>>> print(open('data23.cif').read())   # mmCIF, C-alpha atoms and all ligand atoms
data_my_file
loop_
_atom_site.label_atom_id
_atom_site.label_comp_id
_atom_site.auth_asym_id
_atom_site.auth_seq_id
_atom_site.Cartn_x
_atom_site.Cartn_y
_atom_site.Cartn_z
CA MET A 49 6.58 5.46 -31.09
CA ASP A 50 4.03 3.57 -29.04
CA SER A 51 1.16 4.95 -27.01
CA LYS A 52 2.26 3.46 -23.70
CA LEU A 53 2.39 5.58 -20.57
CA ARG A 54 6.02 6.56 -19.96
CA TRP A 55 7.05 5.83 -16.36
CA GLY A 56 9.89 7.08 -14.22
CA ILE A 57 10.80 5.24 -11.01
CA LEU A 58 11.93 7.34 -8.05
CA ALA A 59 14.54 5.45 -5.93
CA THR A 60 16.29 2.17 -6.57
CA GLY A 61 15.43 0.01 -3.54
CA LYS A 62 13.69 -3.33 -3.26
CA ILE A 63 10.20 -2.33 -4.30
CA ALA A 64 11.48 -0.09 -7.11
CA ARG A 65 13.05 -3.18 -8.68
CA ARG A 66 9.89 -5.19 -8.16
CA PHE A 67 7.81 -2.46 -9.82
CA ALA A 68 10.09 -2.52 -12.88
CA VAL A 69 9.15 -6.20 -13.31
CA GLY A 70 5.47 -5.26 -13.01
CA LEU A 71 5.88 -2.57 -15.65
CA ALA A 72 7.29 -5.10 -18.10
CA ALA A 73 4.22 -7.30 -17.47
CA SER A 74 1.74 -4.45 -17.85
CA GLU A 75 -0.24 -3.75 -21.02
CA THR A 76 -0.02 0.02 -20.80
CA GLY A 77 3.27 1.05 -19.18
CA ARG A 78 6.83 1.51 -20.34
CA LEU A 79 9.85 2.19 -18.13
CA VAL A 80 11.67 5.28 -19.38
CA ALA A 81 13.91 6.48 -16.55
CA VAL A 82 15.01 5.87 -12.98
CA GLY A 83 16.17 8.44 -10.44
CA SER A 84 18.47 7.88 -7.51
CA ARG A 85 20.40 9.96 -5.00
CA THR A 86 23.52 8.62 -6.72
CA LEU A 87 24.25 8.13 -10.40
CA GLU A 88 25.99 4.82 -9.58
CA SER A 89 22.81 3.35 -8.14
CA ALA A 90 20.70 4.66 -11.04
CA GLU A 91 23.16 3.12 -13.50
CA ALA A 92 23.17 -0.23 -11.71
CA PHE A 93 19.35 -0.23 -11.82
CA ALA A 94 19.34 0.75 -15.51
CA ALA A 95 21.76 -2.09 -16.26
CA ASP A 96 19.16 -4.57 -14.94
CA TYR A 97 16.04 -2.75 -16.22
CA PRO A 98 17.05 -0.79 -19.32
CA CYS A 99 16.12 2.90 -18.99
CA ILE A 100 17.70 6.35 -18.61
CA PRO A 101 19.62 6.66 -15.32
CA CYS A 102 19.20 10.02 -13.54
CA GLY A 103 21.69 10.91 -10.80
CA SER A 104 19.20 12.93 -8.77
CA TYR A 105 15.50 12.79 -7.90
CA ASP A 106 15.06 16.25 -9.36
CA LYS A 107 16.34 15.15 -12.77
CA LEU A 108 13.93 12.22 -12.86
CA ILE A 109 10.98 14.33 -11.74
CA HIS A 110 11.66 16.93 -14.44
CA HIS A 111 12.64 14.49 -17.19
CA PRO A 112 10.74 15.50 -20.34
CA GLU A 113 10.16 11.89 -21.42
CA VAL A 114 8.49 10.91 -18.13
CA ASP A 115 4.66 11.12 -17.89
CA ALA A 116 4.11 9.33 -14.58
CA VAL A 117 6.33 8.79 -11.55
CA TYR A 118 6.24 5.78 -9.25
CA ILE A 119 7.49 6.94 -5.83
CA ALA A 120 9.45 4.21 -4.03
CA THR A 121 11.30 6.27 -1.42
CA PRO A 122 10.96 5.71 2.36
CA HIS A 123 7.58 6.64 3.94
CA SER A 124 8.81 9.95 5.39
CA GLN A 125 9.76 11.26 1.94
CA HIS A 126 6.49 10.51 0.13
CA GLU A 127 4.88 13.88 0.91
CA ARG A 128 7.88 15.82 -0.41
CA ASP A 129 8.11 13.62 -3.51
CA ILE A 130 4.38 13.73 -4.31
CA ILE A 131 4.39 17.53 -4.08
CA ALA A 132 7.53 17.81 -6.26
CA CYS A 133 6.02 15.50 -8.91
CA ALA A 134 2.72 17.40 -8.87
CA ARG A 135 4.50 20.72 -9.35
CA ALA A 136 6.40 19.22 -12.29
CA GLY A 137 3.07 18.14 -13.84
CA LYS A 138 3.76 14.40 -13.51
CA HIS A 139 1.11 11.79 -12.73
CA ILE A 140 1.79 10.00 -9.44
CA LEU A 141 1.60 6.51 -8.02
CA SER A 142 3.09 6.71 -4.53
CA GLU A 143 4.03 3.77 -2.36
CA LYS A 144 2.21 3.11 0.88
CA PRO A 145 1.82 4.47 3.46
CA PHE A 146 0.84 7.51 1.39
CA THR A 147 2.53 9.95 3.79
CA LEU A 148 3.28 10.01 7.52
CA ASP A 149 -0.06 11.36 8.75
CA PHE A 150 -3.40 12.91 7.81
CA PRO A 151 -2.27 16.57 7.54
CA SER A 152 0.65 15.65 5.27
CA ALA A 153 -1.66 13.46 3.15
CA GLN A 154 -4.03 16.41 2.77
CA ARG A 155 -1.15 18.66 1.65
CA ALA A 156 0.05 16.09 -0.89
CA ILE A 157 -3.44 15.52 -2.32
CA GLU A 158 -4.07 19.25 -2.51
CA ALA A 159 -0.85 19.65 -4.53
CA ALA A 160 -1.89 16.87 -6.94
CA ARG A 161 -5.41 18.25 -7.35
CA SER A 162 -4.19 21.83 -7.91
CA ALA A 163 -1.79 20.57 -10.58
CA GLY A 164 -4.53 18.47 -12.20
CA VAL A 165 -2.45 15.29 -12.18
CA PHE A 166 -3.46 11.71 -11.37
CA CYS A 167 -2.56 10.57 -7.85
CA ALA A 168 -2.99 7.23 -6.08
CA GLU A 169 -1.49 5.24 -3.24
CA ALA A 170 0.04 1.97 -4.41
CA PHE A 171 -1.77 -0.69 -2.37
CA MET A 172 -1.33 -3.09 -5.28
CA CYS A 173 -3.66 -5.81 -3.95
CA ARG A 174 -6.63 -3.48 -4.29
CA PHE A 175 -6.31 -3.45 -8.07
CA THR A 176 -6.44 -7.22 -8.60
CA PRO A 177 -9.36 -9.17 -10.08
CA ASP A 178 -9.64 -11.07 -6.77
CA TYR A 179 -10.44 -7.83 -4.90
CA VAL A 180 -12.91 -6.80 -7.61
CA ALA A 181 -14.65 -10.18 -7.29
CA ILE A 182 -14.74 -10.01 -3.49
CA ARG A 183 -16.19 -6.52 -3.56
CA ASP A 184 -18.90 -7.72 -6.00
CA LEU A 185 -19.67 -10.68 -3.72
CA ILE A 186 -20.02 -8.42 -0.69
CA ARG A 187 -22.17 -5.90 -2.57
CA SER A 188 -24.45 -8.68 -3.84
CA GLY A 189 -25.09 -9.76 -0.22
CA ARG A 190 -23.45 -13.19 -0.56
CA ILE A 191 -22.15 -13.07 3.03
CA GLY A 192 -24.96 -10.88 4.36
CA GLU A 193 -23.80 -7.74 6.13
CA PRO A 194 -20.03 -7.61 6.75
CA LYS A 195 -19.43 -7.21 10.48
CA LEU A 196 -15.85 -8.13 11.27
CA VAL A 197 -12.55 -8.12 9.39
CA ARG A 198 -9.79 -10.10 11.02
CA ALA A 199 -6.39 -9.54 9.43
CA SER A 200 -2.69 -9.96 10.06
CA PHE A 201 0.50 -8.99 8.28
CA GLY A 202 3.79 -9.57 10.03
CA PHE A 203 7.27 -10.78 9.23
CA ALA A 204 10.63 -11.12 10.94
CA SER A 205 12.69 -8.64 8.94
CA LYS A 206 16.07 -9.79 7.75
CA ARG A 207 17.12 -6.24 6.89
CA GLY A 208 19.89 -4.50 8.83
CA THR A 209 18.81 -2.28 11.68
CA ASP A 210 19.91 0.80 9.69
CA ASN A 211 16.79 0.48 7.48
CA PHE A 212 14.26 3.33 7.77
CA ARG A 213 11.70 0.76 8.95
CA PHE A 214 13.47 0.75 12.31
CA VAL A 215 13.68 4.50 12.82
CA ARG A 216 10.72 6.06 14.57
CA ALA A 217 11.24 9.53 13.08
CA GLU A 218 11.11 7.91 9.62
CA GLY A 219 7.68 6.42 10.32
CA GLY A 220 9.27 3.07 11.13
CA GLY A 221 7.56 0.13 12.79
CA GLY A 222 4.90 -2.40 11.97
CA LEU A 223 1.79 -0.23 11.90
CA MET A 224 2.87 2.02 9.05
CA ASP A 225 4.72 -0.67 7.12
CA VAL A 226 2.27 -3.58 7.20
CA GLY A 227 -0.53 -2.77 9.67
CA SER A 228 -1.57 -0.19 7.07
CA TYR A 229 -2.55 -3.09 4.77
CA CYS A 230 -4.98 -4.40 7.39
CA VAL A 231 -6.47 -0.92 7.90
CA GLN A 232 -6.95 -0.34 4.17
CA LEU A 233 -8.66 -3.75 3.83
CA ALA A 234 -11.23 -2.89 6.51
CA ASP A 235 -11.80 0.56 5.02
CA TRP A 236 -12.37 -1.12 1.64
CA VAL A 237 -14.94 -3.50 3.17
CA PHE A 238 -16.85 -0.96 5.28
CA ASN A 239 -16.25 2.12 3.09
CA ARG A 240 -16.75 4.64 5.88
CA PRO A 241 -14.64 6.50 8.44
CA ALA A 242 -13.58 4.80 11.65
CA VAL A 243 -15.16 6.12 14.85
CA ARG A 244 -12.78 4.62 17.44
CA SER A 245 -9.35 3.01 17.31
CA CYS A 246 -7.11 1.29 19.81
CA TYR A 247 -3.56 -0.05 19.34
CA ALA A 248 -1.25 -1.93 21.73
CA MET A 249 2.37 -2.57 20.89
CA GLU A 250 5.68 -4.00 21.92
CA THR A 251 8.48 -1.59 21.07
CA ALA A 252 12.08 -2.05 19.97
CA GLY A 253 15.05 0.17 19.14
CA ASP A 254 14.23 3.86 19.47
CA GLY A 255 10.61 3.09 20.41
CA TYR A 256 9.14 1.94 17.10
CA ASP A 257 6.38 -0.68 17.21
CA ALA A 258 7.97 -4.08 16.56
CA VAL A 259 4.77 -6.07 17.14
CA GLY A 260 1.31 -4.62 17.47
CA SER A 261 -2.34 -5.47 17.68
CA GLY A 262 -5.32 -3.21 17.24
CA THR A 263 -9.06 -2.82 16.95
CA VAL A 264 -10.90 -0.29 14.83
CA ASP A 265 -14.61 0.43 15.13
CA TYR A 266 -16.21 1.55 11.87
CA GLY A 267 -19.67 1.90 13.43
CA ASN A 268 -21.51 -1.36 12.68
CA GLY A 269 -18.28 -3.03 11.56
CA LEU A 270 -14.99 -3.92 13.28
CA LEU A 271 -11.39 -4.58 12.35
CA SER A 272 -9.21 -6.75 14.56
CA PHE A 273 -5.61 -6.89 13.35
CA SER A 274 -2.01 -7.74 14.15
CA CYS A 275 1.18 -6.56 12.51
CA ALA A 276 4.90 -6.98 13.05
CA VAL A 277 8.32 -6.28 11.60
CA HIS A 278 10.12 -8.69 13.96
CA LEU A 279 7.72 -11.63 14.17
CA GLU A 280 6.47 -14.09 11.56
CA LEU A 281 2.67 -14.07 11.68
CA VAL A 282 0.23 -16.30 9.83
CA ASN A 283 -0.67 -13.63 7.31
CA GLY A 284 -4.23 -13.70 6.16
CA ALA A 285 -7.65 -12.13 6.49
CA THR A 286 -11.22 -13.22 6.99
CA ILE A 287 -14.28 -11.09 6.34
CA PHE A 288 -17.13 -12.31 8.54
CA GLY A 289 -20.67 -11.43 7.48
CA THR A 290 -24.07 -12.18 8.98
CA GLU A 291 -24.67 -14.91 6.36
CA GLY A 292 -21.20 -16.25 5.62
CA ARG A 293 -17.50 -15.44 5.41
CA ILE A 294 -14.71 -14.86 2.93
CA GLU A 295 -11.31 -16.24 3.79
CA MET A 296 -8.34 -14.62 2.10
CA PRO A 297 -5.27 -16.77 2.87
CA ARG A 298 -2.90 -14.40 1.03
CA PRO A 299 -4.77 -11.09 0.96
CA TRP A 300 -1.70 -8.91 0.38
CA PHE A 301 -0.32 -10.83 -2.59
CA CYS A 302 -3.42 -12.58 -4.03
CA ASP A 303 -1.43 -15.65 -5.08
CA GLN A 304 -3.79 -18.20 -3.53
CA PRO A 305 -7.54 -18.75 -3.95
CA PHE A 306 -9.97 -17.01 -1.64
CA VAL A 307 -12.79 -19.08 -0.19
CA VAL A 308 -16.44 -18.13 0.33
CA SER A 309 -18.18 -20.27 2.97
CA HIS A 310 -21.67 -20.58 4.35
CA GLY A 311 -22.79 -22.55 7.39
CA SER A 312 -21.56 -22.49 10.97
CA PRO A 313 -17.93 -23.59 11.40
CA ASN A 314 -18.69 -24.25 15.09
CA ASP A 315 -21.72 -26.56 14.82
CA PRO A 316 -20.63 -30.14 13.94
CA SER A 317 -24.08 -30.91 12.52
CA ALA A 318 -24.20 -27.85 10.25
CA VAL A 319 -23.74 -28.17 6.50
CA VAL A 320 -20.82 -25.96 5.46
CA THR A 321 -20.50 -25.09 1.79
CA SER A 322 -17.39 -23.51 0.34
CA GLU A 323 -16.40 -22.22 -3.07
CA SER A 324 -12.92 -21.05 -3.96
CA PHE A 325 -11.83 -18.49 -6.55
CA HIS A 326 -8.50 -17.29 -7.89
CA LEU A 327 -8.63 -14.71 -10.64
CA THR A 328 -5.30 -12.91 -10.24
CA THR A 329 -3.18 -14.41 -12.99
CA ASN A 330 -0.91 -11.58 -14.15
CA ASP A 331 1.95 -9.93 -12.24
CA LEU A 332 0.41 -8.33 -9.14
CA TYR A 333 1.86 -4.88 -9.86
CA ALA A 334 0.77 -4.84 -13.50
CA TYR A 335 -2.86 -4.43 -12.40
CA GLU A 336 -2.22 -1.14 -10.59
CA ILE A 337 -0.05 0.10 -13.46
CA ASP A 338 -2.82 -0.57 -15.97
CA ALA A 339 -5.41 0.97 -13.64
CA VAL A 340 -3.41 4.23 -13.58
CA ALA A 341 -3.29 4.39 -17.39
CA ARG A 342 -7.02 3.63 -17.67
CA GLN A 343 -8.05 6.33 -15.23
CA ILE A 344 -5.39 8.96 -15.70
CA SER A 345 -7.77 11.64 -16.91
CA SER A 346 -10.09 11.23 -13.92
CA GLY A 347 -7.25 12.09 -11.50
CA GLU A 348 -7.65 9.10 -9.18
CA ALA A 349 -8.32 5.37 -9.04
CA THR A 350 -11.78 3.97 -8.36
CA GLU A 351 -10.13 0.87 -6.82
CA HIS A 352 -8.43 3.02 -4.19
CA PRO A 353 -9.76 6.59 -4.25
CA LEU A 354 -8.05 9.42 -2.39
CA THR A 355 -10.95 9.63 0.09
CA SER A 356 -10.04 6.12 1.17
CA THR A 357 -6.34 7.07 1.46
CA LEU A 358 -7.30 10.03 3.66
CA ARG A 359 -9.59 7.93 5.88
CA ASN A 360 -6.82 5.37 6.35
CA MET A 361 -4.29 8.06 7.27
CA GLN A 362 -6.75 9.36 9.85
CA THR A 363 -7.24 5.87 11.29
CA LEU A 364 -3.47 5.27 11.45
CA ASP A 365 -3.09 8.60 13.29
CA ALA A 366 -5.78 7.57 15.80
CA LEU A 367 -4.21 4.14 16.33
CA ARG A 368 -0.78 5.68 17.02
CA GLU A 369 -2.28 8.26 19.33
CA SER A 370 -4.08 5.57 21.35
CA ALA A 371 -0.72 3.82 21.89
CA GLY A 372 1.28 7.00 22.57
CA LEU A 373 3.35 6.34 19.46
CA SER A 374 4.78 9.53 17.97
CA PHE A 375 7.23 10.02 15.11
CA MET A 376 8.56 13.15 16.82
CA PRO A 377 11.85 12.62 18.63
CA GLY A 378 11.44 13.20 22.37
CA HIS A 379 7.74 12.22 22.41
N1 LIG B 401 3.52 -2.18 -2.21
C1 LIG B 401 4.46 -3.02 -1.85
O1 LIG B 401 4.41 -4.21 -2.17
C2 LIG B 401 5.64 -2.53 -1.07
C3 LIG B 401 6.62 -3.44 -0.72
C4 LIG B 401 7.75 -2.95 -0.10
C5 LIG B 401 7.85 -1.61 0.22
N2 LIG B 401 6.86 -0.76 -0.08
C6 LIG B 401 7.00 0.70 0.25
O2 LIG B 401 7.96 1.25 -0.64
C7 LIG B 401 8.79 2.19 0.04
C8 LIG B 401 10.25 1.75 -0.13
O3 LIG B 401 10.42 0.47 0.44
P1 LIG B 401 11.65 -0.49 0.01
O4 LIG B 401 11.40 -1.79 0.65
O5 LIG B 401 11.86 -0.46 -1.44
O6 LIG B 401 12.86 0.23 0.76
P2 LIG B 401 14.42 0.10 0.46
O7 LIG B 401 14.73 -1.19 -0.20
O8 LIG B 401 15.13 0.44 1.72
O9 LIG B 401 14.66 1.26 -0.63
C9 LIG B 401 14.35 2.59 -0.37
C10 LIG B 401 15.07 3.45 -1.41
O10 LIG B 401 14.74 4.82 -1.13
C11 LIG B 401 15.86 5.65 -1.42
N3 LIG B 401 16.16 6.48 -0.24
C12 LIG B 401 16.06 7.85 -0.19
N4 LIG B 401 16.39 8.31 1.02
C13 LIG B 401 16.72 7.25 1.76
C14 LIG B 401 17.15 7.11 3.09
N5 LIG B 401 17.30 8.15 3.92
N6 LIG B 401 17.40 5.86 3.54
C15 LIG B 401 17.24 4.80 2.74
N7 LIG B 401 16.84 4.86 1.46
C16 LIG B 401 16.58 6.08 0.97
C17 LIG B 401 17.01 4.74 -1.80
O11 LIG B 401 17.12 4.80 -3.22
P3 LIG B 401 18.30 5.65 -3.89
O12 LIG B 401 19.55 5.30 -3.18
O13 LIG B 401 18.27 5.19 -5.29
O14 LIG B 401 17.97 7.11 -3.77
C18 LIG B 401 16.58 3.36 -1.36
O15 LIG B 401 17.07 2.35 -2.19
C19 LIG B 401 8.29 2.23 1.49
O16 LIG B 401 7.46 3.34 1.69
C20 LIG B 401 7.52 0.92 1.65
O17 LIG B 401 6.45 1.01 2.57
C21 LIG B 401 5.76 -1.19 -0.73
#
>>> encode(input="data23.cif", output="structure tokens", more="lines below")
Ligand SMILES: NC(=O)c1ccc[n+]([C@@H]2O[C@H](COP(=O)([O-])OP(=O)(O)OC[C@H]3O[C@@H](n4cnc5c(N)ncnc54)[C@H](OP(=O)(O)O)[C@@H]3O)[C@@H](O)[C@H]2O)c1
Amino acid sequence: MDSKLRWGILATGKIARRFAVGLAASETGRLVAVGSRTLESAEAFAADYPCIPCGSYDKLIHHPEVDAVYIATPHSQHERDIIACARAGKHILSEKPFTLDFPSAQRAIEAARSAGVFCAEAFMCRFTPDYVAIRDLIRSGRIGEPKLVRASFGFASKRGTDNFRFVRAEGGGGLMDVGSYCVQLADWVFNRPAVRSCYAMETAGDGYDAVGSGTVDYGNGLLSFSCAVHLELVNGATIFGTEGRIEMPRPWFCDQPFVVSHGSPNDPSAVVTSESFHLTTNDLYAYEIDAVARQISSGEATEHPLTSTLRNMQTLDALRESAGLSFMPGH
């Protein structure tokens, strides 16, 4: 017997497999079981990542050897799965976006709080030492007052068009899939609710946002972002402050150094000083796994508290509303 937290993984898709690798690299977690809609898929997963295969989500959620469930189902199922895990008394790490909108996020959080279980949204980058260091730099005033976050996350998907990412009713499109990373970054920097949001998009398929660009006003702080599921963008982020800036060339994966610079980049005679840092050395997902174990009794993660999840869901709702983007068929 060891004292590691016993994890179950819900679903067997791409990120579920990636999470199993993170679990193996974590200090505190152990993979115990996987649940799939089909026993065949659970068994194939368990052949690659040894664990108990469960031929239904229900079996995994109620498995007596599972303490915490990592939810890796499509966006539109997160609310249902969070509530089912909470009712079964399991701790929860749910993939992003947390749910489809603010009301469903409220319902899911209420279920977790009533059950007294841990609950967090799995924006894995938030839990890395690089993010901790950047937050400390901002708080210490190293770039003055943060005023603008510029961020982009976009890729040309190679997945078949039958993927849930390309179905509007499933919460498909760029904003929910990857624009949500940009929104959470700005919320993390400004740490307050947005007051105004505006999103413009190019649609594809059944009307999901294939490429989009938006602005969010946090009151004395702005986010300008782009996202896409059918276009390769130069993914990155810069946090501009009144006294300097922090460039994050790979803000979503933290596998390259971030750079803190002072001095005008636009004045040829100005002295520009730059320092670079890279502190994320372990598997990216291991950090969030260890953060869950560390904070399980407090019910949520300080790196990404549920208030921040709720604010982000509200901002995503406002962005969609500004663009007339609805998940409801016929709207
Ligand atoms: N944090 C990150 O780095 C990251 C990266 C990628 C994705 N994500 C998030 O993780 C979630 C899953 O993404 P993914 O890329 O792993 O997706 P995926 O490869 O398509 O896998 C999704 C899995 O969900 C299950 N599922 C249940 N109902 C389904 C349905 N109607 N259609 C398709 N699959 C269904 C399937 O597992 P079974 O057949 O076993 O039931 C499927 O393998 C999304 O919410 C996404 O935003 C996060």
>>> residues_around(input="data23.cif", residues="region 208-212 of chain A", least_positions_apart="5", cutoff="7 Å", atoms="all atoms listed in the file", output="list in words")
Pro122, Glu218 and Gly220 of chain A
>>> residues_near_point(input="data23.cif", point="(6.1, 12.5, 3.7)", cutoff="10 Å", atoms="all atoms listed in the file", output="MDAnalysis selection string")
chainID A and resid 121:131 145:149 152:153 155:156 218:219
>>> atom_distance(input="data23.cif", atom1="CA of Asp265 (chain A)", atom2="CA of Leu279 (chain A)")
25.4 Å
>>> residues_around(input="data23.cif", residues="Ser89 (chain A)", least_positions_apart="5", cutoff="12 Å", atoms="all atoms listed in the file", output="PyMOL selection string")
chain A and resi 58-61+64-65+82-84+94-96+101-105
>>> atom_distance(input="data23.cif", atom1="CA of Ile63 (chain A)", atom2="atom O17 of ligand LIG 401 (chain B)")
8.5 Å
>>> atom_distance(input="data23.cif", atom1="CA of Gly372 (chain A)", atom2="CA of Gly255 (chain A)")
10.3 Å
>>> closest_residue(input="data23.cif", among="A:His352, A:Tyr229, A:Asp331, A:Thr263", to="Arg368 (chain A)", atoms="all atoms listed in the file")
A:Thr263
>>> residues_around(input="data23.cif", residues="Ala116 (chain A)", least_positions_apart="6", cutoff="9 Å", atoms="only C-alpha atoms", output="list of chain:residue names")
A:Leu53, A:Arg54, A:Trp55, A:Gly56, A:Ile57, A:Ile109, A:Cys133, A:Gly137, A:Lys138, A:His139, A:Ile140, A:Leu141, A:Phe166
>>> closest_residue(input="data23.cif", among="A:Gly164, A:Pro98, A:Pro299, A:Gly292", to="ligand LIG 401 (chain B)", atoms="all atoms listed in the file")
A:Pro299
>>> closest_residue(input="data23.cif", among="A:Val226, A:Ala258, A:Ala181, A:Ala160", to="Glu351 (chain A)", atoms="only C-alpha atoms")
A:Ala181
>>> residues_around(input="data23.cif", residues="Arg78 (chain A)", least_positions_apart="4", cutoff="12 Å", atoms="all atoms listed in the file", output="ChimeraX atom specification")
/A:49-57,67-74,82,97-99,113-118,334,337-338,341
>>> closest_residue(input="data23.cif", among="A:Ala136, A:Arg190, A:Ile182, A:Lys206", to="ligand LIG 401 (chain B)", atoms="only C-alpha atoms and all ligand atoms")
A:Lys206
>>> closest_residue(input="data23.cif", among="A:Met376, A:Ile157, A:Ala134, A:Leu223", to="ligand LIG 401 (chain B)", atoms="only C-alpha atoms and all ligand atoms")
A:Leu223
>>> closest_residue(input="data23.cif", among="A:Val231, A:Val308, A:Val340, A:Leu271", to="Glu169 (chain A)", atoms="only C-alpha atoms")
A:Val340
>>> residues_around(input="data23.cif", residues="Val277 (chain A)", least_positions_apart="4", cutoff="8 Å", atoms="all atoms listed in the file", output="list in words")
Gly202, Phe203, Ala204, Ser205, Gly221, Gly222, Val226, Ala258 and Val259 of chain A
>>> residues_near_point(input="data23.cif", point="(-6.4, 3.5, 14.9)", cutoff="12 Å", atoms="all atoms listed in the file", output="count of residues only")
44
>>> axis_aligned_box(input="data23.cif", around="region 53-69 of chain A", padding_each_side="4 Å", output="AutoDock Vina command-line options")
--center_x 9.3 --center_y 0.6 --center_z -11.9 --size_x 21.9 --size_y 21.5 --size_z 25.3
